[in-house]
$ cat structure24.cif   # mmCIF, C-alpha atoms and all ligand atoms
data_start
loop_
_atom_site.group_PDB
_atom_site.id
_atom_site.type_symbol
_atom_site.label_atom_id
_atom_site.label_comp_id
_atom_site.auth_asym_id
_atom_site.auth_seq_id
_atom_site.Cartn_x
_atom_site.Cartn_y
_atom_site.Cartn_z
ATOM 1 C CA MET J 1 200.750 22.970 69.098
ATOM 2 C CA SER J 2 203.453 22.308 66.532
ATOM 3 C CA ALA J 3 203.933 24.488 63.453
ATOM 4 C CA ARG J 4 203.076 21.480 61.317
ATOM 5 C CA ALA J 5 199.750 20.983 63.069
ATOM 6 C CA GLN J 6 199.036 24.681 62.644
ATOM 7 C CA ARG J 7 199.752 24.394 58.942
ATOM 8 C CA TYR J 8 197.365 21.488 58.586
ATOM 9 C CA LEU J 9 194.711 23.321 60.552
ATOM 10 C CA ALA J 10 194.997 26.281 58.236
ATOM 11 C CA GLU J 11 194.680 23.849 55.339
ATOM 12 C CA ILE J 12 191.360 22.500 56.615
ATOM 13 C CA GLY J 13 190.059 25.959 57.386
ATOM 14 C CA ILE J 14 190.218 25.979 61.178
ATOM 15 C CA THR J 15 191.079 29.350 62.609
ATOM 16 C CA VAL J 16 189.659 28.914 66.086
ATOM 17 C CA TYR J 17 191.615 26.672 68.352
ATOM 18 C CA GLU J 18 190.542 25.770 71.834
ATOM 19 C CA ARG J 19 192.020 22.735 73.477
ATOM 20 C CA ARG J 20 189.597 21.071 75.833
ATOM 21 C CA ARG J 21 190.772 19.822 79.169
ATOM 22 C CA GLY J 22 189.245 17.453 81.663
ATOM 23 C CA HIS J 23 187.408 15.566 78.970
ATOM 24 C CA ASP J 24 188.323 12.043 79.860
ATOM 25 C CA ALA J 25 185.225 11.201 81.815
ATOM 26 C CA ALA J 26 184.684 7.667 80.705
ATOM 27 C CA ALA J 27 181.237 6.372 80.049
ATOM 28 C CA SER J 28 180.691 2.687 79.859
ATOM 29 C CA VAL J 29 178.267 1.633 77.207
ATOM 30 C CA ALA J 30 176.600 -1.709 77.160
ATOM 31 C CA GLY J 31 175.468 -1.572 73.550
ATOM 32 C CA GLY J 32 177.452 -2.188 70.399
ATOM 33 C CA ALA J 33 178.099 -5.814 69.692
ATOM 34 C CA LEU J 34 181.756 -6.613 69.282
ATOM 35 C CA VAL J 35 183.002 -10.016 68.373
ATOM 36 C CA ALA J 36 186.155 -10.700 70.318
ATOM 37 C CA ALA J 37 187.077 -13.754 68.311
ATOM 38 C CA ALA J 38 189.787 -13.928 65.684
ATOM 39 C CA ALA J 39 192.321 -12.014 67.761
ATOM 40 C CA ARG J 40 195.916 -12.634 66.916
ATOM 41 C CA ALA J 41 197.250 -15.527 68.917
ATOM 42 C CA THR J 42 200.967 -15.461 68.344
ATOM 43 C CA ALA J 43 201.658 -12.019 66.975
ATOM 44 C CA GLY J 44 205.129 -11.367 65.678
ATOM 45 C CA SER J 45 206.083 -14.692 64.158
ATOM 46 C CA PRO J 46 206.093 -15.096 60.344
ATOM 47 C CA ALA J 47 203.612 -17.966 60.626
ATOM 48 C CA ALA J 48 201.262 -15.798 62.650
ATOM 49 C CA GLY J 49 201.581 -13.040 60.064
ATOM 50 C CA GLU J 50 200.679 -15.434 57.263
ATOM 51 C CA ALA J 51 197.750 -16.841 59.198
ATOM 52 C CA GLU J 52 196.513 -13.358 59.892
ATOM 53 C CA ASN J 53 196.795 -12.366 56.237
ATOM 54 C CA GLU J 54 194.751 -15.391 55.375
ATOM 55 C CA VAL J 55 192.054 -14.418 57.856
ATOM 56 C CA TRP J 56 191.931 -10.928 56.330
ATOM 57 C CA GLU J 57 191.749 -12.286 52.795
ATOM 58 C CA ARG J 58 188.992 -14.690 53.735
ATOM 59 C CA LEU J 59 187.012 -11.921 55.380
ATOM 60 C CA ALA J 60 187.443 -9.614 52.378
ATOM 61 C CA ALA J 61 186.312 -12.380 50.020
ATOM 62 C CA GLU J 62 183.279 -13.049 52.208
ATOM 63 C CA VAL J 63 182.319 -9.372 52.051
ATOM 64 C CA ARG J 64 182.841 -9.233 48.269
ATOM 65 C CA ALA J 65 180.389 -12.082 47.810
ATOM 66 C CA CYS J 66 177.918 -10.960 50.473
ATOM 67 C CA THR J 67 174.187 -10.971 49.819
ATOM 68 C CA ARG J 68 173.047 -10.740 53.448
ATOM 69 C CA CYS J 69 170.975 -7.640 52.789
ATOM 70 C CA GLY J 70 169.266 -6.048 49.815
ATOM 71 C CA LEU J 71 172.069 -3.548 49.200
ATOM 72 C CA HIS J 72 174.028 -6.134 47.238
ATOM 73 C CA LYS J 73 171.556 -5.647 44.399
ATOM 74 C CA THR J 74 172.432 -1.997 43.811
ATOM 75 C CA ARG J 75 176.133 -1.787 44.708
ATOM 76 C CA THR J 76 178.830 -1.281 42.091
ATOM 77 C CA GLN J 77 181.219 -3.030 44.440
ATOM 78 C CA THR J 78 181.688 -3.588 48.152
ATOM 79 C CA VAL J 79 183.801 -1.163 50.157
ATOM 80 C CA PHE J 80 185.691 -3.325 52.615
ATOM 81 C CA GLY J 81 188.013 -0.946 54.418
ATOM 82 C CA VAL J 82 191.539 0.321 54.084
ATOM 83 C CA GLY J 83 194.614 1.054 56.138
ATOM 84 C CA ARG J 84 197.071 -0.468 58.569
ATOM 85 C CA ARG J 85 195.995 -3.787 59.889
ATOM 86 C CA ASP J 86 197.706 -3.015 63.179
ATOM 87 C CA ALA J 87 196.551 0.599 63.408
ATOM 88 C CA GLU J 88 196.219 2.324 66.752
ATOM 89 C CA LEU J 89 193.176 4.219 65.533
ATOM 90 C CA PHE J 90 190.144 2.675 63.801
ATOM 91 C CA VAL J 91 187.946 5.226 62.041
ATOM 92 C CA ILE J 92 184.349 4.183 61.449
ATOM 93 C CA GLY J 93 181.898 5.912 59.153
ATOM 94 C CA GLU J 94 178.369 5.165 58.144
ATOM 95 C CA ALA J 95 178.272 3.774 54.612
ATOM 96 C CA PRO J 96 179.849 4.242 51.186
ATOM 97 C CA GLY J 97 178.649 7.151 49.085
ATOM 98 C CA ALA J 98 178.753 7.464 45.302
ATOM 99 C CA ASP J 99 182.529 8.052 45.100
ATOM 100 C CA GLU J 100 183.271 5.203 47.495
ATOM 101 C CA ASP J 101 180.960 2.841 45.621
ATOM 102 C CA ARG J 102 182.787 3.707 42.403
ATOM 103 C CA GLN J 103 186.318 3.472 43.788
ATOM 104 C CA GLY J 104 185.854 0.689 46.342
ATOM 105 C CA GLU J 105 187.483 2.676 49.130
ATOM 106 C CA PRO J 106 185.950 4.440 52.143
ATOM 107 C CA PHE J 107 186.122 8.205 52.613
ATOM 108 C CA VAL J 108 187.286 9.365 49.203
ATOM 109 C CA GLY J 109 186.136 12.559 47.499
ATOM 110 C CA ARG J 110 185.993 15.928 49.247
ATOM 111 C CA ALA J 111 184.796 14.583 52.575
ATOM 112 C CA GLY J 112 187.575 12.005 52.522
ATOM 113 C CA GLN J 113 190.165 14.664 51.793
ATOM 114 C CA LEU J 114 188.975 16.682 54.763
ATOM 115 C CA LEU J 115 189.110 13.613 57.001
ATOM 116 C CA ASN J 116 192.651 12.915 55.780
ATOM 117 C CA ALA J 117 193.709 16.484 56.547
ATOM 118 C CA MET J 118 192.186 16.322 60.019
ATOM 119 C CA LEU J 119 193.964 13.065 60.755
ATOM 120 C CA ARG J 120 197.245 14.476 59.442
ATOM 121 C CA ALA J 121 196.787 17.431 61.779
ATOM 122 C CA ILE J 122 197.034 15.096 64.774
ATOM 123 C CA GLY J 123 200.029 13.319 63.277
ATOM 124 C CA LEU J 124 198.133 10.345 61.878
ATOM 125 C CA PRO J 125 198.254 10.207 58.085
ATOM 126 C CA ARG J 126 195.572 8.094 56.430
ATOM 127 C CA SER J 127 198.081 5.304 55.857
ATOM 128 C CA GLU J 128 198.573 4.959 59.624
ATOM 129 C CA VAL J 129 194.943 4.345 60.594
ATOM 130 C CA TYR J 130 192.336 1.796 59.572
ATOM 131 C CA ILE J 131 189.143 3.142 57.997
ATOM 132 C CA ALA J 132 185.904 1.275 57.405
ATOM 133 C CA ASN J 133 182.178 1.843 57.374
ATOM 134 C CA ILE J 134 179.374 0.088 59.182
ATOM 135 C CA LEU J 135 177.831 -0.801 55.823
ATOM 136 C CA LYS J 136 180.051 -2.231 53.111
ATOM 137 C CA CYS J 137 177.580 -1.419 50.318
ATOM 138 C CA ARG J 138 176.145 1.925 49.296
ATOM 139 C CA PRO J 139 172.510 2.636 50.189
ATOM 140 C CA PRO J 140 170.790 3.888 47.017
ATOM 141 C CA GLY J 141 170.590 7.662 46.785
ATOM 142 C CA ASN J 142 172.773 7.919 49.908
ATOM 143 C CA ARG J 143 169.788 7.314 52.147
ATOM 144 C CA ASP J 144 170.381 6.440 55.794
ATOM 145 C CA PRO J 145 171.173 2.792 56.502
ATOM 146 C CA GLN J 146 168.211 0.783 57.722
ATOM 147 C CA PRO J 147 168.609 -1.046 61.037
ATOM 148 C CA GLU J 148 168.326 -4.472 59.410
ATOM 149 C CA GLU J 149 171.085 -3.561 56.953
ATOM 150 C CA ALA J 150 173.352 -2.354 59.756
ATOM 151 C CA SER J 151 172.580 -5.511 61.763
ATOM 152 C CA ALA J 152 173.422 -7.709 58.798
ATOM 153 C CA CYS J 153 176.695 -5.931 58.100
ATOM 154 C CA THR J 154 178.031 -5.158 61.587
ATOM 155 C CA PRO J 155 179.539 -8.634 62.120
ATOM 156 C CA TYR J 156 182.060 -7.820 59.360
ATOM 157 C CA LEU J 157 183.048 -4.608 61.095
ATOM 158 C CA SER J 158 183.293 -6.426 64.416
ATOM 159 C CA ARG J 159 185.689 -8.918 62.883
ATOM 160 C CA GLN J 160 187.773 -6.107 61.419
ATOM 161 C CA ILE J 161 187.979 -4.422 64.825
ATOM 162 C CA ALA J 162 188.896 -7.708 66.489
ATOM 163 C CA LEU J 163 191.708 -8.225 63.953
ATOM 164 C CA VAL J 164 193.105 -4.693 64.130
ATOM 165 C CA ARG J 165 192.735 -4.438 67.912
ATOM 166 C CA PRO J 166 192.991 -0.629 67.854
ATOM 167 C CA ARG J 167 193.759 1.396 70.933
ATOM 168 C CA ALA J 168 190.999 3.829 70.059
ATOM 169 C CA ILE J 169 187.980 4.111 67.773
ATOM 170 C CA LEU J 170 186.798 7.331 66.134
ATOM 171 C CA ALA J 171 183.118 7.192 65.189
ATOM 172 C CA VAL J 172 182.527 9.683 62.415
ATOM 173 C CA GLY J 173 179.055 11.156 62.086
ATOM 174 C CA ARG J 174 175.720 10.750 63.825
ATOM 175 C CA ILE J 175 174.644 7.512 62.174
ATOM 176 C CA ALA J 176 177.869 5.654 62.945
ATOM 177 C CA ALA J 177 177.969 6.994 66.506
ATOM 178 C CA GLN J 178 174.352 6.167 67.277
ATOM 179 C CA TRP J 179 174.641 2.673 65.843
ATOM 180 C CA LEU J 180 177.904 1.795 67.574
ATOM 181 C CA LEU J 181 176.704 3.166 70.903
ATOM 182 C CA GLN J 182 173.132 1.932 70.446
ATOM 183 C CA SER J 183 171.921 5.378 71.368
ATOM 184 C CA ASP J 184 169.454 7.826 69.894
ATOM 185 C CA ALA J 185 171.105 10.820 71.546
ATOM 186 C CA PRO J 186 172.008 13.684 69.201
ATOM 187 C CA ILE J 187 175.627 13.784 68.090
ATOM 188 C CA GLY J 188 176.175 16.966 70.067
ATOM 189 C CA ARG J 189 175.620 14.933 73.228
ATOM 190 C CA LEU J 190 177.726 11.977 72.123
ATOM 191 C CA ARG J 191 180.841 13.888 71.159
ATOM 192 C CA GLY J 192 183.194 15.349 73.767
ATOM 193 C CA ARG J 193 183.297 12.160 75.862
ATOM 194 C CA VAL J 194 185.135 8.866 75.859
ATOM 195 C CA PHE J 195 182.955 5.780 75.611
ATOM 196 C CA HIS J 196 184.150 2.214 75.927
ATOM 197 C CA TYR J 197 183.132 0.007 73.066
ATOM 198 C CA GLY J 198 182.252 -3.664 73.166
ATOM 199 C CA GLU J 199 183.755 -6.450 75.212
ATOM 200 C CA SER J 200 187.263 -5.152 74.666
ATOM 201 C CA GLY J 201 186.267 -1.784 76.151
ATOM 202 C CA THR J 202 188.128 0.034 73.375
ATOM 203 C CA PRO J 203 187.919 3.807 73.972
ATOM 204 C CA LEU J 204 185.553 5.359 71.462
ATOM 205 C CA ILE J 205 185.300 9.041 70.602
ATOM 206 C CA VAL J 206 182.628 10.610 68.412
ATOM 207 C CA THR J 207 183.064 13.465 65.984
ATOM 208 C CA TYR J 208 181.173 15.122 63.156
ATOM 209 C CA HIS J 209 181.151 13.674 59.660
ATOM 210 C CA PRO J 210 183.486 15.585 57.302
ATOM 211 C CA ALA J 211 180.597 15.949 54.821
ATOM 212 C CA TYR J 212 178.764 17.884 57.543
ATOM 213 C CA LEU J 213 181.878 19.956 58.228
ATOM 214 C CA LEU J 214 182.046 20.904 54.559
ATOM 215 C CA ARG J 215 178.514 22.271 54.867
ATOM 216 C CA SER J 216 179.048 23.787 58.319
ATOM 217 C CA PRO J 217 182.616 25.094 58.521
ATOM 218 C CA LEU J 218 181.996 26.651 61.936
ATOM 219 C CA ALA J 219 181.774 23.146 63.396
ATOM 220 C CA LYS J 220 185.372 22.434 62.339
ATOM 221 C CA ALA J 221 186.743 23.976 65.523
ATOM 222 C CA THR J 222 184.561 21.634 67.575
ATOM 223 C CA ALA J 223 185.667 18.663 65.489
ATOM 224 C CA TRP J 224 189.260 19.694 66.113
ATOM 225 C CA THR J 225 188.730 19.363 69.872
ATOM 226 C CA ASP J 226 187.479 15.810 69.248
ATOM 227 C CA LEU J 227 190.601 15.015 67.250
ATOM 228 C CA CYS J 228 192.753 16.461 70.031
ATOM 229 C CA MET J 229 190.957 14.178 72.445
ATOM 230 C CA VAL J 230 191.888 11.204 70.263
ATOM 231 C CA LYS J 231 195.495 12.347 70.156
ATOM 232 C CA ASP J 232 195.630 12.855 73.929
ATOM 233 C CA LEU J 233 194.117 9.452 74.492
ATOM 234 C CA LEU J 234 196.626 7.703 72.253
ATOM 235 C CA GLN J 235 199.527 9.563 73.797
ATOM 236 C CA ARG J 236 198.343 8.948 77.330
ATOM 237 C CA ARG J 237 198.060 5.235 76.756
ATOM 238 C CA ALA J 238 201.321 4.914 74.790
HETATM 239 FE FE1 LIG J 301 176.384 -7.729 52.801
HETATM 240 FE FE2 LIG J 301 176.878 -5.536 54.225
HETATM 241 FE FE3 LIG J 301 176.631 -5.371 51.590
HETATM 242 FE FE4 LIG J 301 174.477 -5.856 53.083
HETATM 243 S S1 LIG J 301 175.722 -3.990 53.145
HETATM 244 S S2 LIG J 301 175.057 -6.934 51.183
HETATM 245 S S3 LIG J 301 175.353 -7.117 54.743
HETATM 246 S S4 LIG J 301 178.242 -6.481 52.696
#
$ encode --input "structure24.cif" --output "structure tokens" --more "lines below"
Ligand code: SF4
Amino acid sequence: MSARAQRYLAEIGITVYERRRGHDAAASVAGGALVAAAARATAGSPAAGEAENEVWERLAAEVRACTRCGLHKTRTQTVFGVGRRDAELFVIGEAPGADEDRQGEPFVGRAGQLLNAMLRAIGLPRSEVYIANILKCRPPGNRDPQPEEASACTPYLSRQIALVRPRAILAVGRIAAQWLLQSDAPIGRLRGRVFHYGESGTPLIVTYHPAYLLRSPLAKATAWTDLCMVKDLLQRRA
């Protein structure tokens, strides 16, 4: 591990480091609807870039005006997503919290800072990945998303994934992992493996939510092995 990675690990409070090996057993998962449409047709040309920008803007405007579920009544604003539109890694969380609802950006506040530090530790600063939640509006009181809310909102996420076409997805936290994989298995059984998500079969890795890691620092070492798995996967497929 590089000195820089070690520095970042120290920063996020990880003192135990154990790199897992032999963890690429792939598991194919049938669940998790992914819309394959809207993929870039002629990537690279200026016209294609403009067309793609337009698709993004249209999608963002659609989300801003969305009233598909009851959460539109209590949101301060929608939280669309942020990051590189051609990112190799797509990070998916559950739903905006109070800070996100206020600022309009996913994973801000202390949990967001920890996520940023963990991503930096594998050489992927926040600006290099794309980050979004399953729900674009905050559930009141930070309650868990209801299935009908997640069903109503997932098509937006699917379109974002189809546009970004990441090489890997990191599902952050139990709720996001269980919804994307259509599983009720505990997160401890979902992490540590590589799933294949949707029709594109994008590799998907699960890790703990940074808010949980702030409450349970001992789990940071385990989360680090998940991040290493992401890094290995991206490097292997480079
Ligand atoms: Fe629309 Fe999603 Fe917000 Fe519900 S959570 S109102 S589906 S954007």
$ resolve_selection --input "structure24.cif" --expression "the PyMOL selection byres (((chain J and resi 126-138) around 7) and not hetatm)" --output "PyMOL selection string"
chain J and resi 71-72+75+78-85+87-97+101+106+116+119+124-125+139-140+142+150+153-154+157+176
$ atom_distance --input "structure24.cif" --atom1 "CA of Arg68 (chain J)" --atom2 "CA of Ala152 (chain J)"
6.2 Å
$ atom_distance --input "structure24.cif" --atom1 "CA of Gly173 (chain J)" --atom2 "atom FE4 of ligand LIG 301 (chain J)"
19.8 Å
$ resolve_selection --input "structure24.cif" --expression "the PyMOL selection byres (((chain J and resi 160) around 9) and not hetatm)" --output "PyMOL selection string"
chain J and resi 56+59+81+85+132+155-159+161-165
$ atom_distance --input "structure24.cif" --atom1 "CA of Ala171 (chain J)" --atom2 "CA of His196 (chain J)"
11.9 Å
$ axis_aligned_box --input "structure24.cif" --around "ligand LIG 301 (chain J)" --padding-each-side "6 Å" --output "AutoDock Vina command-line options"
--center_x 176.4 --center_y -5.9 --center_z 53.0 --size_x 15.8 --size_y 15.7 --size_z 15.6
$ closest_residue --input "structure24.cif" --among "J:Ile122, J:Gln113, J:Pro147, J:Asp184" --to "ligand LIG 301 (chain J)" --atoms "all atoms listed in the file"
J:Pro147
